[in-house]
>>> print(open('entry-v8.tsv').read())   # TSV, C-alpha atoms and all ligand atoms
chain	number	residue	atom	x	y	z
A	13	MET	CA	126.65	0.11	6.95
A	14	LYS	CA	129.67	2.41	7.31
A	15	LYS	CA	131.52	2.32	10.62
A	16	ILE	CA	132.36	5.59	12.39
A	17	LEU	CA	134.57	6.45	15.35
A	18	VAL	CA	133.24	9.41	17.34
A	19	THR	CA	136.08	10.77	19.49
A	20	ARG	CA	134.08	12.88	21.97
A	21	LYS	CA	130.72	12.55	23.66
A	22	LEU	CA	127.98	14.42	21.79
A	23	LEU	CA	124.50	15.56	22.85
A	24	ARG	CA	122.05	12.64	23.08
A	25	SER	CA	119.96	13.67	20.02
A	26	ASN	CA	123.12	13.73	17.88
A	27	GLU	CA	124.30	10.35	19.12
A	28	ASP	CA	120.81	8.92	18.38
A	29	LYS	CA	121.01	10.28	14.83
A	30	LEU	CA	124.47	8.74	14.38
A	31	LYS	CA	123.21	5.36	15.66
A	32	SER	CA	120.35	5.42	13.15
A	33	LEU	CA	122.72	6.02	10.22
A	34	TYR	CA	125.97	4.29	11.07
A	35	ASP	CA	127.62	1.52	13.01
A	36	VAL	CA	129.12	3.87	15.61
A	37	LYS	CA	131.82	3.61	18.23
A	38	LEU	CA	130.74	6.28	20.72
A	39	ASN	CA	132.86	7.71	23.53
A	40	LEU	CA	130.32	7.35	26.33
A	41	ASN	CA	132.67	8.47	29.13
A	42	ASP	CA	134.01	11.38	27.08
A	43	GLU	CA	137.56	10.17	27.65
A	44	LEU	CA	140.29	12.29	26.01
A	45	TYR	CA	141.88	9.71	23.68
A	46	SER	CA	145.63	9.68	23.29
A	47	GLN	CA	146.86	9.61	19.69
A	48	ASP	CA	147.73	5.90	20.05
A	49	LYS	CA	144.30	5.06	21.42
A	50	LEU	CA	142.58	6.99	18.64
A	51	ILE	CA	144.59	5.04	16.04
A	52	GLU	CA	143.75	1.75	17.76
A	53	LEU	CA	140.01	2.55	18.02
A	54	SER	CA	139.79	3.64	14.38
A	55	LYS	CA	140.66	0.13	13.16
A	56	GLY	CA	137.85	-1.17	10.94
A	57	CYS	CA	136.25	2.30	10.67
A	58	ASP	CA	135.48	4.25	7.49
A	59	GLY	CA	135.50	7.69	9.06
A	60	ILE	CA	136.22	9.65	12.24
A	61	LEU	CA	134.03	12.33	13.71
A	62	SER	CA	136.80	14.31	15.41
A	63	ALA	CA	136.91	17.31	17.72
A	64	LEU	CA	139.34	20.20	18.21
A	65	THR	CA	140.85	18.33	21.17
A	66	ASP	CA	142.16	15.59	18.82
A	67	LYS	CA	145.65	16.36	17.58
A	68	LEU	CA	145.60	14.78	14.14
A	69	ASP	CA	149.15	15.60	13.11
A	70	ASP	CA	151.22	14.09	10.32
A	71	GLN	CA	152.45	11.17	12.44
A	72	THR	CA	148.98	10.25	13.69
A	73	ILE	CA	147.38	10.52	10.26
A	74	SER	CA	150.10	8.36	8.69
A	75	LYS	CA	149.25	5.59	11.18
A	76	LEU	CA	145.48	5.63	10.62
A	77	PRO	CA	144.11	2.47	8.97
A	78	GLU	CA	143.69	2.49	5.17
A	79	SER	CA	139.92	2.19	5.64
A	80	ILE	CA	139.62	5.77	7.01
A	81	LYS	CA	138.42	8.05	4.23
A	82	ILE	CA	137.10	11.11	6.09
A	83	LEU	CA	137.87	13.20	9.17
A	84	SER	CA	134.69	15.13	9.88
A	85	ASN	CA	135.79	17.79	12.37
A	86	PHE	CA	133.20	19.00	14.88
A	87	ALA	CA	134.36	22.65	14.60
A	88	VAL	CA	134.75	25.39	11.99
A	89	GLY	CA	138.48	25.62	12.84
A	90	PHE	CA	140.70	22.75	11.69
A	91	GLY	CA	144.07	23.80	13.10
A	92	ASN	CA	144.11	20.46	14.98
A	93	ILE	CA	144.41	18.54	11.69
A	94	ASP	CA	147.38	18.46	9.31
A	95	LEU	CA	145.47	19.03	6.07
A	96	GLU	CA	148.44	18.20	3.83
A	97	ALA	CA	149.07	14.91	5.62
A	98	ALA	CA	145.39	14.01	5.20
A	99	LYS	CA	145.49	14.94	1.53
A	100	LYS	CA	148.57	12.76	0.98
A	101	ARG	CA	146.64	9.83	2.44
A	102	ASN	CA	143.60	10.76	0.33
A	103	ILE	CA	141.53	11.44	3.45
A	104	ALA	CA	138.90	14.19	3.16
A	105	VAL	CA	138.69	16.74	5.99
A	106	THR	CA	135.44	18.64	6.60
A	107	ASN	CA	134.38	21.37	9.05
A	108	THR	CA	131.17	22.96	10.37
A	109	PRO	CA	130.98	26.60	9.17
A	110	GLU	CA	128.03	29.02	9.54
A	111	VAL	CA	126.09	27.17	12.26
A	112	LEU	CA	128.32	28.45	15.08
A	113	THR	CA	128.77	32.01	13.88
A	114	ASP	CA	126.08	33.64	16.04
A	115	ALA	CA	126.97	31.85	19.29
A	116	THR	CA	130.70	32.55	18.86
A	117	ALA	CA	130.11	36.20	18.00
A	118	GLU	CA	128.04	36.52	21.20
A	119	ILE	CA	131.06	35.31	23.19
A	120	GLY	CA	133.29	37.66	21.16
A	121	ILE	CA	131.13	40.57	22.33
A	122	LEU	CA	131.08	39.25	25.90
A	123	LEU	CA	134.91	39.27	25.86
A	124	ILE	CA	134.94	42.90	24.69
A	125	LEU	CA	132.39	43.97	27.30
A	126	GLY	CA	133.94	41.90	30.08
A	127	ALA	CA	137.45	43.23	29.46
A	128	CYS	CA	136.45	46.86	28.87
A	129	ARG	CA	134.05	47.06	31.80
A	130	ARG	CA	136.29	45.18	34.28
A	131	ALA	CA	133.82	42.34	34.78
A	132	ALA	CA	136.41	39.96	36.32
A	133	GLU	CA	137.22	42.42	39.10
A	134	GLY	CA	133.54	43.30	39.48
A	135	ILE	CA	132.46	39.67	39.92
A	136	GLU	CA	135.19	39.11	42.50
A	137	GLY	CA	134.22	42.24	44.44
A	138	ALA	CA	130.50	41.42	44.35
A	139	LYS	CA	131.06	37.83	45.52
A	140	ALA	CA	133.32	38.91	48.37
A	141	SER	CA	130.83	41.63	49.41
A	142	ASN	CA	133.77	43.91	50.05
A	143	TRP	CA	132.93	46.68	47.63
A	144	LYS	CA	131.68	50.15	48.21
A	145	TRP	CA	130.05	52.22	45.51
A	146	SER	CA	131.96	55.39	44.80
A	147	ALA	CA	132.24	57.71	41.84
A	148	ASP	CA	135.52	56.12	40.77
A	149	TYR	CA	134.95	52.45	41.72
A	150	LEU	CA	135.97	50.08	38.91
A	151	ILE	CA	135.81	52.69	36.21
A	152	GLY	CA	136.18	50.98	32.85
A	153	LYS	CA	136.28	51.80	29.18
A	154	GLN	CA	133.06	52.77	27.40
A	155	LEU	CA	132.42	51.06	24.08
A	156	THR	CA	130.38	53.85	22.52
A	157	GLY	CA	132.66	55.87	20.23
A	158	THR	CA	135.58	53.43	20.65
A	159	ARG	CA	137.41	51.97	17.65
A	160	LEU	CA	137.15	48.18	17.28
A	161	GLY	CA	139.82	46.50	15.17
A	162	ILE	CA	138.78	43.11	13.82
A	163	LEU	CA	141.58	40.82	12.72
A	164	GLY	CA	139.82	38.31	10.43
A	165	MET	CA	136.56	39.80	9.19
A	166	GLY	CA	134.96	36.51	8.14
A	167	ARG	CA	131.64	35.09	9.30
A	168	ILE	CA	132.30	35.56	13.04
A	169	GLY	CA	134.15	38.87	12.59
A	170	GLN	CA	131.28	40.32	10.55
A	171	LYS	CA	128.71	39.28	13.14
A	172	ILE	CA	130.81	40.82	15.93
A	173	ALA	CA	131.07	43.98	13.80
A	174	LYS	CA	127.29	44.10	13.41
A	175	ILE	CA	126.64	43.89	17.16
A	176	ALA	CA	129.53	46.23	18.03
A	177	ARG	CA	128.22	48.79	15.54
A	178	SER	CA	124.89	48.76	17.34
A	179	LEU	CA	126.81	49.51	20.55
A	180	GLY	CA	128.28	52.62	18.92
A	181	MET	CA	131.74	51.21	18.13
A	182	ILE	CA	133.59	52.30	14.99
A	183	ILE	CA	134.66	49.25	12.99
A	184	HIS	CA	138.06	48.74	11.34
A	185	TYR	CA	139.32	45.42	9.98
A	186	HIS	CA	142.18	43.55	8.35
A	187	ASN	CA	141.90	40.52	6.08
A	188	ARG	CA	144.27	39.46	3.34
A	189	SER	CA	141.56	40.53	0.90
A	190	LYS	CA	139.13	43.44	1.06
A	191	LEU	CA	135.44	42.60	1.40
A	192	ASN	CA	132.73	43.90	-0.92
A	193	ASP	CA	130.68	46.92	0.20
A	194	GLU	CA	127.78	44.81	1.44
A	195	LYS	CA	129.94	42.65	3.71
A	196	GLU	CA	132.03	45.64	4.79
A	197	ASN	CA	128.91	47.52	5.83
A	198	GLY	CA	130.84	50.74	6.49
A	199	ALA	CA	133.83	49.11	8.19
A	200	ILE	CA	137.23	50.59	7.31
A	201	TYR	CA	139.65	48.21	5.57
A	202	HIS	CA	143.36	48.10	6.43
A	203	GLU	CA	145.52	46.30	3.92
A	204	LYS	CA	148.34	46.00	6.48
A	205	LEU	CA	147.95	44.49	9.94
A	206	ASP	CA	150.17	47.22	11.45
A	207	SER	CA	147.78	49.87	10.18
A	208	LEU	CA	144.81	48.09	11.80
A	209	LEU	CA	146.69	47.72	15.08
A	210	SER	CA	147.52	51.44	15.21
A	211	VAL	CA	143.79	52.33	15.38
A	212	SER	CA	142.55	49.42	17.51
A	213	ASP	CA	141.43	50.76	20.88
A	214	VAL	CA	139.93	47.29	21.17
A	215	LEU	CA	141.32	44.39	19.13
A	216	SER	CA	139.18	41.35	18.38
A	217	VAL	CA	141.10	38.37	17.01
A	218	CYS	CA	138.78	36.38	14.73
A	219	CYS	CA	141.06	34.79	12.09
A	220	PRO	CA	141.87	31.06	11.87
A	221	ALA	CA	145.02	29.55	13.34
A	222	SER	CA	147.33	28.75	10.44
A	223	LYS	CA	151.05	28.72	9.64
A	224	GLU	CA	150.66	32.42	8.74
A	225	THR	CA	148.85	33.47	11.91
A	226	ILE	CA	150.73	31.58	14.65
A	227	ASN	CA	151.98	34.18	17.14
A	228	LEU	CA	150.83	36.97	14.81
A	229	ILE	CA	149.92	38.98	17.91
A	230	ASN	CA	153.44	39.11	19.32
A	231	LYS	CA	155.55	41.75	21.09
A	232	GLU	CA	156.08	43.85	17.95
A	233	ALA	CA	152.38	43.75	17.05
A	234	LEU	CA	151.32	44.71	20.58
A	235	GLU	CA	153.63	47.73	20.51
A	236	LYS	CA	151.71	49.04	17.48
A	237	LEU	CA	148.46	49.26	19.49
A	238	PRO	CA	147.39	52.57	21.04
A	239	GLN	CA	148.49	52.94	24.67
A	240	GLY	CA	145.96	51.22	26.96
A	241	ALA	CA	144.29	49.13	24.23
A	242	VAL	CA	142.15	46.11	25.03
A	243	VAL	CA	142.99	42.75	23.38
A	244	THR	CA	140.37	40.03	22.93
A	245	ASN	CA	140.69	36.61	21.27
A	246	VAL	CA	137.71	34.43	20.35
A	247	ALA	CA	139.54	32.52	17.59
A	248	ARG	CA	142.48	30.33	18.65
A	249	GLY	CA	145.17	30.60	21.34
A	250	ASP	CA	147.98	29.86	18.88
A	251	ILE	CA	147.55	33.30	17.27
A	252	VAL	CA	148.69	35.12	20.42
A	253	ASP	CA	152.15	35.11	22.03
A	254	ASP	CA	151.07	34.73	25.67
A	255	GLU	CA	154.32	35.93	27.25
A	256	ALA	CA	154.26	39.09	25.19
A	257	LEU	CA	150.60	39.78	25.99
A	258	ILE	CA	151.07	39.20	29.74
A	259	ASP	CA	154.12	41.48	29.67
A	260	ALA	CA	152.09	44.17	27.86
A	261	LEU	CA	149.39	43.83	30.56
A	262	ASP	CA	152.00	44.14	33.31
A	263	ARG	CA	153.39	47.30	31.70
A	264	ARG	CA	149.86	48.72	31.24
A	265	LYS	CA	150.53	48.99	27.50
A	266	VAL	CA	147.46	46.76	27.32
A	267	TYR	CA	144.65	47.82	29.65
A	268	ALA	CA	142.79	44.49	29.78
A	269	VAL	CA	142.35	41.24	27.90
A	270	GLY	CA	139.28	39.14	27.11
A	271	LEU	CA	140.12	35.55	26.16
A	272	ASP	CA	138.12	32.45	25.28
A	273	VAL	CA	140.94	30.39	23.75
A	274	TYR	CA	144.50	29.52	24.79
A	275	LYS	CA	147.65	27.77	23.74
A	276	GLY	CA	147.81	24.30	25.32
A	277	GLU	CA	144.19	24.30	26.52
A	278	PRO	CA	143.06	23.65	29.20
A	279	ASN	CA	146.36	24.67	30.83
A	280	LEU	CA	146.38	28.38	30.22
A	281	ASN	CA	149.40	30.48	31.05
A	282	PRO	CA	149.24	31.25	34.81
A	283	GLY	CA	150.04	34.87	33.98
A	284	TYR	CA	146.43	35.23	32.86
A	285	THR	CA	144.87	33.61	35.92
A	286	LYS	CA	146.83	35.94	38.21
A	287	HIS	CA	145.96	39.12	36.35
A	288	LYS	CA	143.01	41.11	37.64
A	289	SER	CA	142.53	42.73	34.22
A	290	ALA	CA	142.09	39.38	32.48
A	291	PHE	CA	138.50	38.41	31.70
A	292	ILE	CA	138.90	34.74	30.84
A	293	LEU	CA	136.46	32.07	29.69
A	294	PRO	CA	137.00	28.32	29.07
A	295	HIS	CA	136.50	28.07	25.27
A	296	LEU	CA	132.76	28.72	25.34
A	297	GLY	CA	132.41	30.16	21.81
A	298	SER	CA	129.95	27.65	20.37
A	299	ALA	CA	128.61	26.37	23.69
A	300	THR	CA	124.85	26.69	23.34
A	301	LYS	CA	122.48	23.74	22.96
A	302	GLU	CA	121.19	25.00	19.61
A	303	THR	CA	124.66	25.49	18.21
A	304	ARG	CA	126.27	22.29	19.47
A	305	THR	CA	123.29	20.32	18.12
A	306	ALA	CA	123.56	22.05	14.73
A	307	MET	CA	127.35	21.54	14.61
A	308	ALA	CA	127.11	17.81	15.27
A	309	ASN	CA	124.25	17.45	12.77
A	310	LEU	CA	126.38	19.21	10.17
A	311	ALA	CA	129.41	17.03	10.96
A	312	ILE	CA	127.17	13.97	10.47
A	313	ASP	CA	125.65	15.39	7.25
A	314	ASN	CA	129.15	16.12	5.94
A	315	MET	CA	130.02	12.44	6.37
A	316	THR	CA	126.83	11.28	4.72
A	317	GLU	CA	127.34	13.64	1.77
A	318	PHE	CA	130.90	12.38	1.41
A	319	PHE	CA	129.99	8.68	1.55
A	320	GLU	CA	127.11	9.18	-0.91
A	321	THR	CA	128.84	11.44	-3.46
A	322	GLY	CA	132.59	11.23	-2.83
A	323	GLY	CA	132.65	14.99	-2.23
A	324	CYS	CA	131.36	17.49	0.33
A	325	LYS	CA	130.65	21.22	0.21
A	326	ASN	CA	132.43	21.63	3.55
A	327	LYS	CA	135.60	19.81	2.51
A	328	VAL	CA	138.62	21.95	3.46
A	329	ASN	CA	141.56	20.02	1.94
B	1	LIG	P1	136.00	32.56	8.26
B	1	LIG	O1	134.63	32.94	7.85
B	1	LIG	O2	136.81	31.66	7.37
B	1	LIG	O3	136.81	33.91	8.53
B	1	LIG	C1	138.18	33.96	8.71
B	1	LIG	C2	138.66	35.37	8.34
B	1	LIG	O4	140.04	35.48	8.66
B	1	LIG	C3	138.49	35.68	6.87
B	1	LIG	O5	137.91	36.95	6.73
B	1	LIG	C4	139.93	35.67	6.32
B	1	LIG	O6	140.05	36.65	5.27
B	1	LIG	C5	140.73	36.08	7.56
B	1	LIG	N1	142.09	35.55	7.52
B	1	LIG	C6	142.48	34.28	7.26
B	1	LIG	N2	143.82	34.20	7.28
B	1	LIG	C7	144.28	35.44	7.56
B	1	LIG	C8	145.58	36.00	7.70
B	1	LIG	N3	146.68	35.26	7.54
B	1	LIG	N4	145.70	37.33	7.98
B	1	LIG	C9	144.58	38.09	8.12
B	1	LIG	N5	143.32	37.62	7.98
B	1	LIG	C10	143.17	36.30	7.71
B	1	LIG	O7	136.00	31.83	9.67
B	1	LIG	P2	134.95	32.02	10.87
B	1	LIG	O8	133.82	31.07	10.71
B	1	LIG	O9	134.69	33.47	11.06
B	1	LIG	O10	135.84	31.45	12.08
B	1	LIG	C11	137.07	32.09	12.41
B	1	LIG	C12	137.83	31.29	13.46
B	1	LIG	O11	137.16	31.37	14.71
B	1	LIG	C13	137.89	29.77	13.20
B	1	LIG	O12	138.96	29.43	12.33
B	1	LIG	C14	138.06	29.18	14.57
B	1	LIG	O13	139.42	28.94	14.84
B	1	LIG	C15	137.55	30.27	15.50
B	1	LIG	N6	136.38	29.82	16.28
B	1	LIG	C16	136.45	29.84	17.64
B	1	LIG	C17	135.35	29.41	18.38
B	1	LIG	C18	135.37	29.40	19.87
B	1	LIG	O14	134.78	28.51	20.46
B	1	LIG	N7	136.00	30.35	20.52
B	1	LIG	C19	134.20	28.96	17.73
B	1	LIG	C20	134.17	28.99	16.35
B	1	LIG	C21	135.27	29.41	15.63
B	1	LIG	P3	141.15	36.49	4.11
B	1	LIG	O15	141.06	35.06	3.64
B	1	LIG	O16	140.76	37.51	3.09
B	1	LIG	O17	142.45	36.79	4.74
>>> encode(input="entry-v8.tsv", output="structure tokens", more="lines below")
Ligand code: NAP
Amino acid sequence: MKKILVTRKLLRSNEDKLKSLYDVKLNLNDELYSQDKLIELSKGCDGILSALTDKLDDQTISKLPESIKILSNFAVGFGNIDLEAAKKRNIAVTNTPEVLTDATAEIGILLILGACRRAAEGIEGAKASNWKWSADYLIGKQLTGTRLGILGMGRIGQKIAKIARSLGMIIHYHNRSKLNDEKENGAIYHEKLDSLLSVSDVLSVCCPASKETINLINKEALEKLPQGAVVTNVARGDIVDDEALIDALDRRKVYAVGLDVYKGEPNLNPGYTKHKSAFILPHLGSATKETRTAMANLAIDNMTEFFETGGCKNKVN
């Protein structure tokens, strides 16, 4: 029986499935393992079921025991793993696409609504019972008729586009490659990011974190947005330059932000926590029971496929 290290606590049904298939080392207290501890615990294991909180960089991967053949990441994103380093060691890396698209797109829409309609201020006012209805109390931005710019029109971006379209938003997007008509579904393609930014009354960041996208939304990019645009990020914190975004909020260049992800999670930049126009969530994208169950099942199935065939349809390196 193959031996597996599972770095984070999973839902009970997923842990039961793992126990029925593998000799598993579970993390019952959901401790955040240091890199050294992860290396130590992986001794004698054939694979690791990792999570986005595990920083599997070059150094860590080079110290993993020879017996490790697969890193099955419990996420669609894999910015936490150095794919090249894994490849050099002949370790397969897999992810969990598709199953989290709907739940994450729901949070993407919540970020747009929360930021545009001043939900953070509204919740504070309602809880403090210090509000008074008036014709101009907490006036926000209406979505109907507003242009939504999607940076990264993949699975999640397309689902956000579908819901936003039903809310009356006009969809623009930028990818490195143009989608076919069916996937575009009437959305307007921008070959250049700057062109997308110039029409984005609301920006939704949905692309992966990669060497190309780190700090892509920086000071220069933010200046290209229309005055008073709204910036939302449901993808990864690394894509946004926090200082530049907080400065743009302070200057009212950016009207509001809606964020689910941050650099250095869980320690987000205090500039966001202080800002009344920041609608912020603690990385809730895939956090529904259905989705987390499906993600862990897929991460387990990816391992099984790999051990049985030597390959896996969700291999990313
Ligand atoms: P996907 O289907 O692979 O879509 C990614 C899109 O980004 C593609 O359309 C791709 O198009 C585009 N893209 C990639 N690199 C780009 C670049 N350098 N410039 C412009 N566009 C680029 O991925 P997905 O399933 O939608 O997931 C997207 C990301 O969401 C994940 O990588 C993950 O980090 C994040 N996520 C967050 C949560 C959460 O909890 N908040 C949950 C799930 C996922 P081209 O290849 O044509 O450029």
>>> closest_atom_pairs(input="entry-v8.tsv", of="chain A", to="ligand LIG 1 (chain B)", cutoff="8 Å", atoms="all atoms listed in the file", output="tab-separated table")
residue	atom	partner	partner_atom	distance
A:Ala87	CA	B:LIG1	C20	6.6
A:Val88	CA	B:LIG1	C21	5.4
A:Gly89	CA	B:LIG1	O12	3.9
A:Phe90	CA	B:LIG1	O12	6.9
A:Gly91	CA	B:LIG1	O13	7.1
A:Pro109	CA	B:LIG1	O8	5.5
A:Glu110	CA	B:LIG1	O8	6.3
A:Leu112	CA	B:LIG1	C20	6.0
A:Thr113	CA	B:LIG1	O8	6.0
A:Ala115	CA	B:LIG1	C19	7.9
A:Thr116	CA	B:LIG1	C19	5.1
A:Ile119	CA	B:LIG1	N7	7.5
A:Gly120	CA	B:LIG1	N7	7.8
A:Leu163	CA	B:LIG1	N5	6.0
A:Gly164	CA	B:LIG1	O4	3.3
A:Met165	CA	B:LIG1	O5	4.0
A:Gly166	CA	B:LIG1	O3	3.2
A:Arg167	CA	B:LIG1	O9	3.9
A:Ile168	CA	B:LIG1	O9	3.7
A:Gly169	CA	B:LIG1	O9	5.6
A:Gln170	CA	B:LIG1	O9	7.7
A:His186	CA	B:LIG1	C9	6.0
A:Asn187	CA	B:LIG1	N5	3.7
A:Arg188	CA	B:LIG1	O17	3.5
A:Ser189	CA	B:LIG1	O16	3.8
A:Lys190	CA	B:LIG1	O16	6.5
A:Leu191	CA	B:LIG1	O16	7.6
A:Leu205	CA	B:LIG1	C9	7.5
A:Cys218	CA	B:LIG1	C11	5.2
A:Cys219	CA	B:LIG1	O4	3.6
A:Pro220	CA	B:LIG1	O12	3.4
A:Ala221	CA	B:LIG1	O13	5.8
A:Ser222	CA	B:LIG1	N3	7.2
A:Glu224	CA	B:LIG1	N3	5.0
A:Thr225	CA	B:LIG1	N3	5.2
A:Asn245	CA	B:LIG1	N7	7.9
A:Val246	CA	B:LIG1	N7	4.4
A:Ala247	CA	B:LIG1	C15	3.7
A:Arg248	CA	B:LIG1	O13	5.1
A:Asp272	CA	B:LIG1	N7	5.6
A:Val273	CA	B:LIG1	N7	5.9
A:His295	CA	B:LIG1	O14	5.1
A:Leu296	CA	B:LIG1	O14	5.3
A:Gly297	CA	B:LIG1	O14	3.2
A:Ser298	CA	B:LIG1	O14	4.9
A:Ala299	CA	B:LIG1	O14	7.3
>>> closest_residue(input="entry-v8.tsv", among="A:Lys49, A:Lys15, A:Arg24, A:His184", to="A:Lys37", atoms="all atoms listed in the file")
A:Lys15
>>> residues_near_point(input="entry-v8.tsv", point="(138.1, 50.3, 26.3)", cutoff="7 Å", atoms="all atoms listed in the file", output="count of residues only")
10
>>> closest_residue(input="entry-v8.tsv", among="A:Leu44, A:Phe318, A:Ser289, A:Leu208", to="A:Glu136", atoms="only C-alpha atoms")
A:Ser289
>>> atom_distance(input="entry-v8.tsv", atom1="atom CA of A:Asp58", atom2="atom CA of A:Ser79")
5.2 Å
>>> atom_distance(input="entry-v8.tsv", atom1="atom CA of A:Ile80", atom2="atom CA of A:Thr305")
24.5 Å
>>> atom_distance(input="entry-v8.tsv", atom1="atom CA of A:Val217", atom2="atom CA of A:Gly249")
9.8 Å
>>> axis_aligned_box(input="entry-v8.tsv", around="stretch 32-50 of chain A", padding_each_side="5 Å", output="AutoDock Vina command-line options")
--center_x 134.0 --center_y 6.9 --center_z 19.7 --size_x 37.4 --size_y 20.8 --size_z 28.9
>>> residues_around(input="entry-v8.tsv", residues="stretch 61-75 of chain A", least_positions_apart="6", cutoff="8 Å", atoms="all atoms listed in the file", output="PyMOL selection string")
chain A and resi 16-20+44-45+47-48+51+83-87+89-94+97-98+101+311-312
>>> write_last_selection(input="entry-v8.tsv", atoms="C-alpha atoms", output="PDB file, in the coordinates of the input")
ATOM      1  CA  ILE A  16     132.360   5.590  12.390  1.00  0.00           C
ATOM      2  CA  LEU A  17     134.570   6.450  15.350  1.00  0.00           C
ATOM      3  CA  VAL A  18     133.240   9.410  17.340  1.00  0.00           C
ATOM      4  CA  THR A  19     136.080  10.770  19.490  1.00  0.00           C
ATOM      5  CA  ARG A  20     134.080  12.880  21.970  1.00  0.00           C
ATOM      6  CA  LEU A  44     140.290  12.290  26.010  1.00  0.00           C
ATOM      7  CA  TYR A  45     141.880   9.710  23.680  1.00  0.00           C
ATOM      8  CA  GLN A  47     146.860   9.610  19.690  1.00  0.00           C
ATOM      9  CA  ASP A  48     147.730   5.900  20.050  1.00  0.00           C
ATOM     10  CA  ILE A  51     144.590   5.040  16.040  1.00  0.00           C
ATOM     11  CA  LEU A  83     137.870  13.200   9.170  1.00  0.00           C
ATOM     12  CA  SER A  84     134.690  15.130   9.880  1.00  0.00           C
ATOM     13  CA  ASN A  85     135.790  17.790  12.370  1.00  0.00           C
ATOM     14  CA  PHE A  86     133.200  19.000  14.880  1.00  0.00           C
ATOM     15  CA  ALA A  87     134.360  22.650  14.600  1.00  0.00           C
ATOM     16  CA  GLY A  89     138.480  25.620  12.840  1.00  0.00           C
ATOM     17  CA  PHE A  90     140.700  22.750  11.690  1.00  0.00           C
ATOM     18  CA  GLY A  91     144.070  23.800  13.100  1.00  0.00           C
ATOM     19  CA  ASN A  92     144.110  20.460  14.980  1.00  0.00           C
ATOM     20  CA  ILE A  93     144.410  18.540  11.690  1.00  0.00           C
ATOM     21  CA  ASP A  94     147.380  18.460   9.310  1.00  0.00           C
ATOM     22  CA  ALA A  97     149.070  14.910   5.620  1.00  0.00           C
ATOM     23  CA  ALA A  98     145.390  14.010   5.200  1.00  0.00           C
ATOM     24  CA  ARG A 101     146.640   9.830   2.440  1.00  0.00           C
ATOM     25  CA  ALA A 311     129.410  17.030  10.960  1.00  0.00           C
ATOM     26  CA  ILE A 312     127.170  13.970  10.470  1.00  0.00           C
TER      27      ILE A 312
END
>>> residues_around(input="entry-v8.tsv", residues="A:Ile229", least_positions_apart="3", cutoff="9 Å", atoms="all atoms listed in the file", output="ChimeraX atom specification")
/A:217,225-226,232-234,251-254,256-257
>>> closest_residue(input="entry-v8.tsv", among="A:Lys288, A:Lys100, A:Lys139, A:Lys171", to="A:Asp114", atoms="all atoms listed in the file")
A:Lys171
>>> decode(input="entry-v8.tsv", residues="stretch 293-320 of chain A", atoms="C-alpha atoms", output="compact mmCIF listing (two decimals), in the first residue's frame")
# COMPACT_ATOMS: atom_id res chain seq x y z
CA LEU A 293 -12.78 38.26 2.71
CA PRO A 294 -10.40 35.60 4.11
CA HIS A 295 -9.71 33.45 1.00
CA LEU A 296 -13.19 31.94 0.81
CA GLY A 297 -13.24 31.20 -2.95
CA SER A 298 -13.74 27.44 -2.83
CA ALA A 299 -15.13 27.28 0.71
CA THR A 300 -18.35 25.32 0.34
CA LYS A 301 -18.86 21.77 1.60
CA GLU A 302 -19.66 20.48 -1.90
CA THR A 303 -16.60 22.07 -3.43
CA ARG A 304 -14.07 21.22 -0.73
CA THR A 305 -15.29 17.60 -0.80
CA ALA A 306 -15.00 17.47 -4.60
CA MET A 307 -11.54 19.10 -4.53
CA ALA A 308 -10.15 16.60 -2.03
CA ASN A 309 -11.73 13.69 -3.92
CA LEU A 310 -10.09 14.93 -7.11
CA ALA A 311 -6.71 15.36 -5.37
CA ILE A 312 -7.03 11.74 -4.16
CA ASP A 313 -8.13 10.51 -7.61
CA ASN A 314 -5.19 12.33 -9.19
CA MET A 315 -2.83 10.36 -6.94
CA THR A 316 -4.54 7.08 -7.68
CA GLU A 317 -4.45 7.72 -11.43
CA PHE A 318 -0.77 8.58 -11.18
CA PHE A 319 0.17 5.51 -9.13
CA GLU A 320 -1.84 3.22 -11.43
